[in-house]
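Undergrad: Structure below; questions to follow.
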Amino acid sequence: MISFIGADREQVSFMPHDLNDWLPEDHLASFVVDIVSKMDLRQVYSSYSGKGSTPYDPKLLLSLIFYGYSTGVFSSRKIETSTYDSVAFRFIAGNHHPDHDTIASFRKNFLPQLKGWFKEILLIGNELGLIKLGNIFIDGTKIQANASKHKAMSYKRMNQLEKQLECEIEQLITLGQQQDEKDDKSTIDIPDEIKRRKDRLVKINTAKKVIEQRRKEAYKEEKAEFDKKQEARQKYKKETGKNPPGREPKEPSTEPNDKDQYNFTDPESRIMKTSKGFDQCYNAQIAVNDDMVIVGNYANAHHNDKQEFLPTIESVADELKPKITSAVADTGYYSQQNIDNCPINIKPIIAKSKEKHNSYIEELLSPTNDKEKEIYRKRKHTVEPVFGIIKEVLGFRRFSLRGKENIDNEWGLVCLSYNLKRMFNLQIA
């Protein structure tokens, strides 16, 4: 008769008494705990007053959040649940179970420090020999905002609704006067209806001012680009005696476009074009090294990447910048300003136009040589897969916070946690 090993669920303990024996030594959870133990958290500890109930150690909470994000567990509720049903989370928590409110509050309170922690962990990795620099590869992706595009309103619709509400208010005032004269009781609360419309008018007026201010800011950049194109066309005509090729550039306007939009849930987010159509998004940027470690990151609400090249380089820790030899990006980042203003020790390698199918990039780089072509080809095998891992493997496709400052910090948390997993894999490789 065949014997089987069954589950004895009546036994006193399933797990070893020593928590260190719960996981193999080369486990990501142990690596995260070890890295966090090396961090300088004096500022965090000093923020505790010592009053009230005994708080959880910040290192414990930080390790839980970092490990959660590095394994695709972003929700504070799911992190709490995982301290019960996941051996790795239980190991990190030391058999404690911080509730989701505690985890969420800690994350919210110390979110502004994420940028500093991202750089600190990179420097720790550098000391451990896990961070190598030379080339950095820059790219961006659109991440869905914590706001529906259906909560957005166009400038044209705002103007239409503004007139409609003003008309309705006048009608309600007239109706109220008629009822007073007839001493007639209305089935609706007229003052309340008027107030509701006036409140909405205030919100629409605020939104219009934001759109108008955005247009003024965009106009400066667009006008400079327009003047530059016009100058080039005039120069071409003067030198050749022929009309320049292509359409005459359209002069930008200071007036908002009818399609310019404002989102009432997250006003700082924007409607952006993605691979799946248009959605309410933010633009997340990263710079990675040859080993696919993120060395710089930030997020904002800019629609395109042309103005993101230099800020992405700047986001790299000052201690690591001198080790960068070249910065590589696709055609979306190309501009003469980016070429001219790149730090003197860094060679900009940016495509001038999209690469044709089944072709190399002989006419794409400025300037071009075989070494630069070889470096540029690495872009598809370094920075692009990182976004694939973050979105498809970890499952981070939508910010949970709102507002540019918050989502910039949340993106820093995502990149930091990705790096922990990447550095762990490099260590055990």
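Following the order of the structure tokens, chains are lettered A, B, ..., residues in each are numbered from 1, and ligands are numbered from 1.
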At a cut-off of 8 Å, using only C-alpha atoms, what residues contact A:Leu28? Leave out same-chain residues fewer than 4 positions from it and give the result as an NGL selection string.
TA: :A and (32 or 67 or 421 or 424)
Undergrad: Next, write the just-selected residues to a file, as a CSV table (one decimal), in the first residue's frame, keeping N, CA, C and O atoms as the atom set.
TA:
chain,number,residue,atom,x,y,z
A,32,VAL,N,15.4,43.2,1.1
A,32,VAL,CA,14.7,44.5,1.4
A,32,VAL,C,15.0,44.9,2.8
A,32,VAL,O,15.3,46.0,3.1
A,67,TYR,N,8.6,46.1,0.0
A,67,TYR,CA,8.5,44.8,-0.5
A,67,TYR,C,7.1,44.6,-1.2
A,67,TYR,O,7.1,44.0,-2.3
A,421,LYS,N,14.1,45.1,-6.3
A,421,LYS,CA,14.0,43.8,-6.9
A,421,LYS,C,15.1,43.6,-8.0
A,421,LYS,O,15.7,42.5,-8.1
A,424,PHE,N,18.5,43.1,-6.3
A,424,PHE,CA,18.5,41.7,-5.7
A,424,PHE,C,18.8,40.7,-6.7
A,424,PHE,O,19.7,39.8,-6.5
Undergrad: Identify all residues of stretch 38-250 of chain A in strand (DSSP E or B) (DSSP on the backbone) and supply them as a ChimeraX atom specification.
TA: /A:135-144,152-154
Undergrad: Where does stretch 246-322 of chain A meet stretch 150-167 of chain A within 7 Å, residue by residue, with the nearest atom pair and distance in Å to one decimal for each, counting only C-alpha atoms, listed by chain and rising number, as a tab-separated table?
TA:
residue	atom	partner	partner_atom	distance
A:Asp258	CA	A:Lys156	CA	4.6
A:Lys259	CA	A:Ser154	CA	5.2
A:Asp260	CA	A:Ser154	CA	5.4
A:Gln261	CA	A:Ser154	CA	4.2
A:Tyr262	CA	A:Ala152	CA	5.3
A:Asn263	CA	A:Ala152	CA	3.9
A:Phe264	CA	A:Lys151	CA	5.9
A:Thr265	CA	A:Lys151	CA	6.4
Undergrad: Go ahead and write the selection's residues with all heavy atoms as an mmCIF file, in the first residue's frame.
TA:
data_model
loop_
_atom_site.group_PDB
_atom_site.id
_atom_site.type_symbol
_atom_site.label_atom_id
_atom_site.label_comp_id
_atom_site.auth_asym_id
_atom_site.auth_seq_id
_atom_site.Cartn_x
_atom_site.Cartn_y
_atom_site.Cartn_z
ATOM 1 N N ASP A 258 -10.867 75.258 -28.031
ATOM 2 C CA ASP A 258 -12.156 74.728 -27.560
ATOM 3 C C ASP A 258 -12.016 73.353 -26.915
ATOM 4 O O ASP A 258 -12.778 72.994 -26.015
ATOM 5 C CB ASP A 258 -13.158 74.632 -28.722
ATOM 6 C CG ASP A 258 -13.731 75.984 -29.105
ATOM 7 O OD1 ASP A 258 -13.583 76.933 -28.300
ATOM 8 O OD2 ASP A 258 -14.324 76.096 -30.194
ATOM 9 N N LYS A 259 -11.006 72.575 -27.366
ATOM 10 C CA LYS A 259 -10.847 71.203 -26.864
ATOM 11 C C LYS A 259 -9.976 71.123 -25.610
ATOM 12 O O LYS A 259 -9.838 70.047 -25.025
ATOM 13 C CB LYS A 259 -10.245 70.315 -27.959
ATOM 14 C CG LYS A 259 -11.162 70.138 -29.158
ATOM 15 C CD LYS A 259 -10.535 69.208 -30.187
ATOM 16 C CE LYS A 259 -11.449 69.003 -31.387
ATOM 17 N NZ LYS A 259 -10.838 68.095 -32.389
ATOM 18 N N ASP A 260 -9.349 72.224 -25.192
ATOM 19 C CA ASP A 260 -8.559 72.219 -23.958
ATOM 20 C C ASP A 260 -9.440 71.800 -22.792
ATOM 21 O O ASP A 260 -10.574 72.283 -22.653
ATOM 22 C CB ASP A 260 -7.971 73.607 -23.700
ATOM 23 C CG ASP A 260 -6.876 73.958 -24.681
ATOM 24 O OD1 ASP A 260 -6.383 73.042 -25.363
ATOM 25 O OD2 ASP A 260 -6.515 75.146 -24.779
ATOM 26 N N GLN A 261 -8.905 70.908 -21.936
ATOM 27 C CA GLN A 261 -9.755 70.310 -20.904
ATOM 28 C C GLN A 261 -9.229 70.505 -19.488
ATOM 29 O O GLN A 261 -8.046 70.750 -19.262
ATOM 30 C CB GLN A 261 -9.940 68.816 -21.178
ATOM 31 C CG GLN A 261 -10.725 68.529 -22.450
ATOM 32 C CD GLN A 261 -11.106 67.077 -22.564
ATOM 33 O OE1 GLN A 261 -10.446 66.193 -22.027
ATOM 34 N NE2 GLN A 261 -12.193 66.795 -23.268
ATOM 35 N N TYR A 262 -10.139 70.360 -18.556
ATOM 36 C CA TYR A 262 -9.850 70.456 -17.119
ATOM 37 C C TYR A 262 -10.576 69.310 -16.441
ATOM 38 O O TYR A 262 -11.757 69.070 -16.696
ATOM 39 C CB TYR A 262 -10.357 71.801 -16.585
ATOM 40 C CG TYR A 262 -10.181 72.030 -15.094
ATOM 41 C CD1 TYR A 262 -9.070 72.713 -14.600
ATOM 42 C CD2 TYR A 262 -11.136 71.597 -14.180
ATOM 43 C CE1 TYR A 262 -8.916 72.944 -13.242
ATOM 44 C CE2 TYR A 262 -10.994 71.826 -12.818
ATOM 45 C CZ TYR A 262 -9.882 72.504 -12.355
ATOM 46 O OH TYR A 262 -9.737 72.731 -11.000
ATOM 47 N N ASN A 263 -9.849 68.572 -15.587
ATOM 48 C CA ASN A 263 -10.466 67.452 -14.879
ATOM 49 C C ASN A 263 -10.811 67.872 -13.455
ATOM 50 O O ASN A 263 -9.945 68.323 -12.707
ATOM 51 C CB ASN A 263 -9.518 66.246 -14.860
ATOM 52 C CG ASN A 263 -10.206 64.998 -14.351
ATOM 53 O OD1 ASN A 263 -10.429 64.830 -13.160
ATOM 54 N ND2 ASN A 263 -10.541 64.101 -15.267
ATOM 55 N N PHE A 264 -12.052 67.726 -13.081
ATOM 56 C CA PHE A 264 -12.510 68.190 -11.775
ATOM 57 C C PHE A 264 -12.124 67.236 -10.641
ATOM 58 O O PHE A 264 -12.179 67.612 -9.478
ATOM 59 C CB PHE A 264 -14.031 68.398 -11.795
ATOM 60 C CG PHE A 264 -14.447 69.603 -12.588
ATOM 61 C CD1 PHE A 264 -14.723 69.498 -13.943
ATOM 62 C CD2 PHE A 264 -14.524 70.854 -12.000
ATOM 63 C CE1 PHE A 264 -15.089 70.609 -14.689
ATOM 64 C CE2 PHE A 264 -14.889 71.970 -12.731
ATOM 65 C CZ PHE A 264 -15.169 71.851 -14.081
ATOM 66 N N THR A 265 -11.728 66.001 -10.966
ATOM 67 C CA THR A 265 -11.284 65.061 -9.930
ATOM 68 C C THR A 265 -9.815 65.277 -9.604
ATOM 69 O O THR A 265 -9.425 65.351 -8.439
ATOM 70 C CB THR A 265 -11.506 63.603 -10.380
ATOM 71 O OG1 THR A 265 -12.873 63.423 -10.724
ATOM 72 C CG2 THR A 265 -11.138 62.636 -9.259
#
Undergrad: Between A:Pro24, A:Gly116, A:Pro98, A:Gly176, single out the one closest to A:Leu413, counting only C-alpha atoms.
TA: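 Looking at the shortest contact to A:Leu413, the residue is A:Gly116.
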Undergrad: Mind giving me the straight-line distance from atom CA of A:Gly277 to atom CA of A:Asp305 in Å, one decimal?
TA: 17.8 Å
Undergrad: Name all residues at most 8 Å from A:Thr254 (count only C-alpha atoms; drop same-chain ones fewer than 5 positions away) and give them as number ranges by chain.
TA: A: 215-216, 219
Undergrad: Put those residues in a file: N, CA and C atoms, as an mmCIF file, in the first residue's frame.
TA:
data_model
loop_
_atom_site.group_PDB
_atom_site.id
_atom_site.type_symbol
_atom_site.label_atom_id
_atom_site.label_comp_id
_atom_site.auth_asym_id
_atom_site.auth_seq_id
_atom_site.Cartn_x
_atom_site.Cartn_y
_atom_site.Cartn_z
ATOM 1 N N ARG A 215 -2.627 78.041 -21.257
ATOM 2 C CA ARG A 215 -2.455 78.478 -22.642
ATOM 3 C C ARG A 215 -1.396 79.556 -22.742
ATOM 4 N N LYS A 216 -1.390 80.487 -21.781
ATOM 5 C CA LYS A 216 -0.383 81.552 -21.778
ATOM 6 C C LYS A 216 1.023 80.969 -21.636
ATOM 7 N N TYR A 219 1.947 79.161 -24.817
ATOM 8 C CA TYR A 219 2.132 80.088 -25.939
ATOM 9 C C TYR A 219 3.594 80.536 -26.055
#
Undergrad: I'd like the contact shell of A:Asp318 - 12 Å cut-off, only C-alpha atoms, skipping same-chain residues fewer than 5 positions apart - returned as a PDB file with all heavy atoms, in the first residue's frame.
TA:
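Output below, filename out30.pdb:
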ATOM      1  N   GLY A 116      14.542  61.365  -1.670  1.00  0.00           N
ATOM      2  CA  GLY A 116      15.796  61.183  -0.949  1.00  0.00           C
ATOM      3  C   GLY A 116      16.103  59.719  -0.717  1.00  0.00           C
ATOM      4  O   GLY A 116      17.262  59.279  -0.845  1.00  0.00           O
ATOM      5  N   LYS A 119      17.431  57.943  -3.912  1.00  0.00           N
ATOM      6  CA  LYS A 119      18.854  58.185  -4.151  1.00  0.00           C
ATOM      7  C   LYS A 119      19.721  57.465  -3.117  1.00  0.00           C
ATOM      8  O   LYS A 119      20.786  56.940  -3.456  1.00  0.00           O
ATOM      9  CB  LYS A 119      19.128  59.688  -4.127  1.00  0.00           C
ATOM     10  CG  LYS A 119      18.494  60.429  -5.296  1.00  0.00           C
ATOM     11  CD  LYS A 119      18.801  61.918  -5.267  1.00  0.00           C
ATOM     12  CE  LYS A 119      18.167  62.626  -6.470  1.00  0.00           C
ATOM     13  NZ  LYS A 119      18.444  64.075  -6.497  1.00  0.00           N
ATOM     14  N   GLU A 120      19.249  57.433  -1.876  1.00  0.00           N
ATOM     15  CA  GLU A 120      20.037  56.773  -0.831  1.00  0.00           C
ATOM     16  C   GLU A 120      20.199  55.288  -1.123  1.00  0.00           C
ATOM     17  O   GLU A 120      21.292  54.724  -0.965  1.00  0.00           O
ATOM     18  CB  GLU A 120      19.365  56.966   0.531  1.00  0.00           C
ATOM     19  CG  GLU A 120      20.176  56.392   1.679  1.00  0.00           C
ATOM     20  CD  GLU A 120      19.540  56.656   3.040  1.00  0.00           C
ATOM     21  OE1 GLU A 120      18.471  57.304   3.086  1.00  0.00           O
ATOM     22  OE2 GLU A 120      20.119  56.196   4.059  1.00  0.00           O
ATOM     23  N   LEU A 122      20.058  53.891  -4.069  1.00  0.00           N
ATOM     24  CA  LEU A 122      20.972  53.777  -5.200  1.00  0.00           C
ATOM     25  C   LEU A 122      22.427  53.842  -4.740  1.00  0.00           C
ATOM     26  O   LEU A 122      23.279  53.077  -5.203  1.00  0.00           O
ATOM     27  CB  LEU A 122      20.717  54.901  -6.203  1.00  0.00           C
ATOM     28  CG  LEU A 122      19.735  54.658  -7.341  1.00  0.00           C
ATOM     29  CD1 LEU A 122      19.683  55.872  -8.245  1.00  0.00           C
ATOM     30  CD2 LEU A 122      20.108  53.415  -8.147  1.00  0.00           C
ATOM     31  N   LEU A 123      22.710  54.766  -3.818  1.00  0.00           N
ATOM     32  CA  LEU A 123      24.078  54.917  -3.318  1.00  0.00           C
ATOM     33  C   LEU A 123      24.501  53.705  -2.497  1.00  0.00           C
ATOM     34  O   LEU A 123      25.667  53.300  -2.533  1.00  0.00           O
ATOM     35  CB  LEU A 123      24.199  56.204  -2.495  1.00  0.00           C
ATOM     36  CG  LEU A 123      23.981  57.505  -3.288  1.00  0.00           C
ATOM     37  CD1 LEU A 123      24.066  58.718  -2.357  1.00  0.00           C
ATOM     38  CD2 LEU A 123      24.998  57.632  -4.418  1.00  0.00           C
ATOM     39  N   VAL A 295      18.136  54.955 -12.520  1.00  0.00           N
ATOM     40  CA  VAL A 295      19.049  55.854 -11.804  1.00  0.00           C
ATOM     41  C   VAL A 295      18.483  57.274 -11.669  1.00  0.00           C
ATOM     42  O   VAL A 295      19.039  58.106 -10.962  1.00  0.00           O
ATOM     43  CB  VAL A 295      20.436  55.904 -12.489  1.00  0.00           C
ATOM     44  CG1 VAL A 295      21.106  54.532 -12.394  1.00  0.00           C
ATOM     45  CG2 VAL A 295      20.327  56.348 -13.947  1.00  0.00           C
ATOM     46  N   GLY A 296      17.386  57.552 -12.370  1.00  0.00           N
ATOM     47  CA  GLY A 296      16.734  58.856 -12.272  1.00  0.00           C
ATOM     48  C   GLY A 296      15.268  58.712 -12.624  1.00  0.00           C
ATOM     49  O   GLY A 296      14.904  57.874 -13.457  1.00  0.00           O
ATOM     50  N   ILE A 313      18.053  63.810 -16.776  1.00  0.00           N
ATOM     51  CA  ILE A 313      19.477  63.716 -16.417  1.00  0.00           C
ATOM     52  C   ILE A 313      19.699  64.352 -15.051  1.00  0.00           C
ATOM     53  O   ILE A 313      20.420  63.810 -14.203  1.00  0.00           O
ATOM     54  CB  ILE A 313      20.354  64.404 -17.479  1.00  0.00           C
ATOM     55  CG1 ILE A 313      20.257  63.671 -18.817  1.00  0.00           C
ATOM     56  CG2 ILE A 313      21.814  64.472 -17.010  1.00  0.00           C
ATOM     57  CD1 ILE A 313      20.989  64.349 -19.948  1.00  0.00           C
ATOM     58  N   LYS A 323      29.791  59.953 -13.353  1.00  0.00           N
ATOM     59  CA  LYS A 323      30.106  58.662 -13.960  1.00  0.00           C
ATOM     60  C   LYS A 323      29.368  58.427 -15.273  1.00  0.00           C
ATOM     61  O   LYS A 323      29.625  57.452 -15.976  1.00  0.00           O
ATOM     62  CB  LYS A 323      29.774  57.530 -12.986  1.00  0.00           C
ATOM     63  CG  LYS A 323      30.564  57.582 -11.679  1.00  0.00           C
ATOM     64  CD  LYS A 323      30.180  56.429 -10.775  1.00  0.00           C
ATOM     65  CE  LYS A 323      30.959  56.479  -9.460  1.00  0.00           C
ATOM     66  NZ  LYS A 323      30.603  55.344  -8.569  1.00  0.00           N
ATOM     67  N   ILE A 324      28.427  59.322 -15.610  1.00  0.00           N
ATOM     68  CA  ILE A 324      27.657  59.175 -16.846  1.00  0.00           C
ATOM     69  C   ILE A 324      28.492  59.657 -18.032  1.00  0.00           C
ATOM     70  O   ILE A 324      29.063  60.741 -18.003  1.00  0.00           O
ATOM     71  CB  ILE A 324      26.341  59.981 -16.777  1.00  0.00           C
ATOM     72  CG1 ILE A 324      25.495  59.526 -15.584  1.00  0.00           C
ATOM     73  CG2 ILE A 324      25.549  59.819 -18.068  1.00  0.00           C
ATOM     74  CD1 ILE A 324      24.260  60.377 -15.367  1.00  0.00           C
TER      75      ILE A 324
END
Undergrad: If you count only C-alpha atoms, which residues fall within 10 Å of A:Asp279, apart from same-chain ones fewer than 2 positions away, as a short mmCIF file (atom, residue, chain, number, x, y, z; two decimals) with all heavy atoms, in the first residue's frame?
TA:
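Final file, result20.cif:
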data_model
loop_
_atom_site.label_atom_id
_atom_site.label_comp_id
_atom_site.auth_asym_id
_atom_site.auth_seq_id
_atom_site.Cartn_x
_atom_site.Cartn_y
_atom_site.Cartn_z
N LYS A 142 3.06 56.95 -20.31
CA LYS A 142 1.87 57.56 -19.73
C LYS A 142 1.27 56.60 -18.70
O LYS A 142 1.01 55.44 -19.01
CB LYS A 142 0.84 57.89 -20.82
CG LYS A 142 1.40 58.73 -21.98
CD LYS A 142 1.92 60.07 -21.52
CE LYS A 142 2.24 61.00 -22.68
NZ LYS A 142 3.35 60.54 -23.53
N ILE A 143 1.07 57.10 -17.49
CA ILE A 143 0.44 56.32 -16.42
C ILE A 143 -0.92 56.96 -16.12
O ILE A 143 -1.02 58.17 -15.94
CB ILE A 143 1.30 56.30 -15.14
CG1 ILE A 143 2.70 55.75 -15.44
CG2 ILE A 143 0.61 55.50 -14.05
CD1 ILE A 143 2.76 54.28 -15.66
N GLN A 144 -1.95 56.12 -16.05
CA GLN A 144 -3.30 56.63 -15.81
C GLN A 144 -3.40 57.35 -14.48
O GLN A 144 -2.89 56.89 -13.46
CB GLN A 144 -4.30 55.48 -15.85
CG GLN A 144 -5.75 55.93 -15.79
CD GLN A 144 -6.72 54.76 -15.82
OE1 GLN A 144 -6.31 53.61 -15.79
NE2 GLN A 144 -8.01 55.04 -15.87
N ALA A 145 -4.05 58.51 -14.49
CA ALA A 145 -4.26 59.27 -13.26
C ALA A 145 -5.40 58.65 -12.46
O ALA A 145 -6.20 57.87 -12.98
CB ALA A 145 -4.59 60.72 -13.60
N ALA A 147 -8.21 59.49 -11.82
CA ALA A 147 -9.31 60.35 -12.23
C ALA A 147 -9.83 59.86 -13.57
O ALA A 147 -9.04 59.49 -14.44
CB ALA A 147 -8.86 61.80 -12.36
N SER A 148 -11.13 59.85 -13.73
CA SER A 148 -11.73 59.41 -14.98
C SER A 148 -11.73 60.55 -16.00
O SER A 148 -11.95 61.71 -15.65
CB SER A 148 -13.17 58.95 -14.74
OG SER A 148 -13.85 58.76 -15.96
N LYS A 149 -11.50 60.19 -17.26
CA LYS A 149 -11.56 61.21 -18.31
C LYS A 149 -12.98 61.75 -18.48
O LYS A 149 -13.19 62.81 -19.05
CB LYS A 149 -11.05 60.65 -19.63
CG LYS A 149 -11.88 59.51 -20.21
CD LYS A 149 -11.28 59.03 -21.52
CE LYS A 149 -12.07 57.87 -22.11
NZ LYS A 149 -11.49 57.37 -23.37
N HIS A 150 -13.95 61.00 -17.96
CA HIS A 150 -15.34 61.45 -18.04
C HIS A 150 -15.63 62.58 -17.05
O HIS A 150 -16.69 63.20 -17.10
CB HIS A 150 -16.29 60.28 -17.78
CG HIS A 150 -16.12 59.15 -18.77
ND1 HIS A 150 -16.38 59.30 -20.12
CD2 HIS A 150 -15.67 57.88 -18.60
CE1 HIS A 150 -16.12 58.15 -20.74
NE2 HIS A 150 -15.70 57.29 -19.84
N SER A 269 -3.91 66.59 -13.67
CA SER A 269 -3.72 65.56 -14.69
C SER A 269 -4.16 66.09 -16.05
O SER A 269 -4.79 67.14 -16.14
CB SER A 269 -4.50 64.30 -14.33
OG SER A 269 -5.89 64.56 -14.30
N ARG A 270 -3.82 65.37 -17.11
CA ARG A 270 -4.14 65.82 -18.47
C ARG A 270 -4.66 64.65 -19.30
O ARG A 270 -4.32 63.49 -19.06
CB ARG A 270 -2.89 66.38 -19.18
CG ARG A 270 -2.26 67.56 -18.52
CD ARG A 270 -3.06 68.84 -18.72
NE ARG A 270 -2.28 70.00 -18.32
CZ ARG A 270 -2.12 70.40 -17.08
NH1 ARG A 270 -2.70 69.73 -16.09
NH2 ARG A 270 -1.40 71.48 -16.79
N ILE A 271 -5.47 65.00 -20.30
CA ILE A 271 -5.84 64.00 -21.30
C ILE A 271 -4.63 63.79 -22.20
O ILE A 271 -4.11 64.74 -22.79
CB ILE A 271 -7.04 64.48 -22.15
CG1 ILE A 271 -8.31 64.51 -21.30
CG2 ILE A 271 -7.24 63.56 -23.35
CD1 ILE A 271 -8.88 63.15 -20.97
N MET A 272 -4.15 62.55 -22.30
CA MET A 272 -2.96 62.25 -23.10
C MET A 272 -3.22 61.06 -24.02
O MET A 272 -4.06 60.19 -23.72
CB MET A 272 -1.77 61.92 -22.18
CG MET A 272 -1.36 63.05 -21.28
SD MET A 272 0.11 62.62 -20.29
CE MET A 272 0.25 64.08 -19.26
N LYS A 273 -2.50 61.04 -25.11
CA LYS A 273 -2.61 59.94 -26.06
C LYS A 273 -1.79 58.76 -25.57
O LYS A 273 -0.60 58.89 -25.27
CB LYS A 273 -2.15 60.37 -27.44
CG LYS A 273 -2.41 59.33 -28.52
CD LYS A 273 -2.00 59.84 -29.89
CE LYS A 273 -2.31 58.80 -30.97
NZ LYS A 273 -1.92 59.29 -32.32
N THR A 274 -2.41 57.60 -25.48
CA THR A 274 -1.72 56.37 -25.07
C THR A 274 -1.87 55.34 -26.18
O THR A 274 -2.54 55.57 -27.19
CB THR A 274 -2.31 55.81 -23.77
OG1 THR A 274 -3.63 55.29 -24.03
CG2 THR A 274 -2.43 56.90 -22.70
N SER A 275 -1.28 54.17 -25.98
CA SER A 275 -1.39 53.10 -26.98
C SER A 275 -2.81 52.59 -27.10
O SER A 275 -3.18 51.94 -28.08
CB SER A 275 -0.45 51.94 -26.60
OG SER A 275 -0.80 51.43 -25.32
N LYS A 276 -3.65 52.88 -26.10
CA LYS A 276 -5.04 52.42 -26.11
C LYS A 276 -6.02 53.56 -26.32
O LYS A 276 -7.20 53.45 -26.00
CB LYS A 276 -5.35 51.70 -24.79
CG LYS A 276 -4.50 50.45 -24.57
CD LYS A 276 -4.86 49.76 -23.27
CE LYS A 276 -4.01 48.51 -23.08
NZ LYS A 276 -4.32 47.82 -21.79
N GLY A 277 -5.52 54.68 -26.85
CA GLY A 277 -6.40 55.83 -27.08
C GLY A 277 -6.08 56.95 -26.11
O GLY A 277 -5.00 56.99 -25.52
N CYS A 281 -4.09 61.13 -17.72
CA CYS A 281 -2.79 60.55 -17.39
C CYS A 281 -1.81 61.56 -16.80
O CYS A 281 -2.06 62.76 -16.76
CB CYS A 281 -2.15 59.95 -18.65
SG CYS A 281 -3.00 58.55 -19.36
N TYR A 282 -0.67 61.00 -16.37
CA TYR A 282 0.55 61.75 -16.09
C TYR A 282 1.67 61.13 -16.92
O TYR A 282 1.56 59.99 -17.37
CB TYR A 282 0.90 61.68 -14.61
CG TYR A 282 0.09 62.60 -13.73
CD1 TYR A 282 -1.00 62.11 -13.01
CD2 TYR A 282 0.39 63.94 -13.61
CE1 TYR A 282 -1.77 62.95 -12.20
CE2 TYR A 282 -0.36 64.79 -12.80
CZ TYR A 282 -1.43 64.29 -12.10
OH TYR A 282 -2.18 65.12 -11.31
#
Undergrad: Return as an MDAnalysis selection string the full set of residues in stretch 87-258 of chain A whose backbone-based DSSP assignment is alpha helix (DSSP H).
TA: chainID A and resid 87:93 100:110 114:127 155:182 190:240
Undergrad: Neighbours of A:Leu111 within 12 Å (only C-alpha atoms; same-chain residues fewer than 3 positions away dropped), as a list in words?
TA: Val44, Leu62, Ile65, Ile103, Ala104, Ser105, Phe106, Arg107, Lys108, Leu114, Lys115, Gly116, Trp117, Phe118, Leu401, Glu405, Asn406, Ile407, Asp408, Asn409, Glu410, Trp411, Gly412, Leu413 and Val414 of chain A
Undergrad: With N, CA and C atoms kept, could you save the residues just selected as a compact mmCIF listing (two decimals), in the first residue's frame?
TA:
# COMPACT_ATOMS: atom_id res chain seq x y z
N VAL A 44 13.09 60.35 10.40
CA VAL A 44 11.80 59.69 10.60
C VAL A 44 11.58 59.42 12.08
N LEU A 62 8.36 50.52 6.57
CA LEU A 62 9.02 50.85 5.30
C LEU A 62 9.35 49.57 4.52
N ILE A 65 6.16 48.21 2.92
CA ILE A 65 5.73 48.99 1.75
C ILE A 65 6.66 48.74 0.57
N ILE A 103 -0.48 51.63 7.89
CA ILE A 103 0.39 51.56 6.72
C ILE A 103 0.15 52.75 5.78
N ALA A 104 -1.14 53.05 5.53
CA ALA A 104 -1.49 54.16 4.63
C ALA A 104 -1.05 55.50 5.20
N SER A 105 -1.23 55.69 6.51
CA SER A 105 -0.84 56.95 7.14
C SER A 105 0.67 57.15 7.11
N PHE A 106 1.41 56.08 7.34
CA PHE A 106 2.88 56.16 7.29
C PHE A 106 3.33 56.53 5.89
N ARG A 107 2.75 55.87 4.90
CA ARG A 107 3.11 56.17 3.50
C ARG A 107 2.80 57.63 3.16
N LYS A 108 1.64 58.09 3.58
CA LYS A 108 1.23 59.47 3.29
C LYS A 108 2.14 60.48 3.99
N LEU A 114 10.47 60.31 -0.30
CA LEU A 114 10.77 59.22 -1.23
C LEU A 114 11.92 59.53 -2.18
N LYS A 115 12.00 60.79 -2.65
CA LYS A 115 13.07 61.15 -3.58
C LYS A 115 14.44 60.94 -2.93
N GLY A 116 14.54 61.36 -1.67
CA GLY A 116 15.80 61.18 -0.95
C GLY A 116 16.10 59.72 -0.72
N TRP A 117 15.09 58.93 -0.40
CA TRP A 117 15.28 57.50 -0.17
C TRP A 117 15.66 56.77 -1.45
N PHE A 118 15.07 57.19 -2.58
CA PHE A 118 15.41 56.59 -3.86
C PHE A 118 16.92 56.73 -4.12
N LEU A 401 -2.64 58.20 -5.98
CA LEU A 401 -2.71 59.54 -5.41
C LEU A 401 -3.08 60.55 -6.50
N GLU A 405 2.63 66.82 -7.32
CA GLU A 405 3.64 66.54 -6.29
C GLU A 405 3.48 65.13 -5.74
N ASN A 406 2.25 64.73 -5.47
CA ASN A 406 2.01 63.40 -4.91
C ASN A 406 2.34 62.29 -5.89
N ILE A 407 1.94 62.48 -7.16
CA ILE A 407 2.21 61.40 -8.11
C ILE A 407 3.71 61.32 -8.45
N ASP A 408 4.40 62.45 -8.38
CA ASP A 408 5.85 62.43 -8.58
C ASP A 408 6.51 61.58 -7.50
N ASN A 409 6.06 61.77 -6.26
CA ASN A 409 6.60 60.98 -5.15
C ASN A 409 6.18 59.51 -5.24
N GLU A 410 4.93 59.27 -5.67
CA GLU A 410 4.48 57.89 -5.80
C GLU A 410 5.26 57.17 -6.90
N TRP A 411 5.55 57.87 -7.99
CA TRP A 411 6.36 57.28 -9.05
C TRP A 411 7.76 56.97 -8.51
N GLY A 412 8.28 57.83 -7.65
CA GLY A 412 9.57 57.56 -7.02
C GLY A 412 9.53 56.29 -6.19
N LEU A 413 8.40 56.05 -5.50
CA LEU A 413 8.24 54.83 -4.70
C LEU A 413 8.21 53.59 -5.61
N VAL A 414 7.52 53.70 -6.73
CA VAL A 414 7.46 52.58 -7.67
C VAL A 414 8.86 52.27 -8.21
Undergrad: Could you name the residues that touch A:Leu64 at 10 Å or less, counting only C-alpha atoms, but leaving out those on the same chain fewer than 4 positions away, as a PyMOL selection string?
TA: chain A and resi 29+32-33+58-60+68-70+73+76+79-80+82-83+88-93+98+103
Undergrad: What separation in Å, quoted to one decimal, exists between atom CA of A:Ser326 and atom CA of A:Asn300?
TA: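 Between atom CA of A:Ser326 and atom CA of A:Asn300 the gap works out to 23.9 Å.
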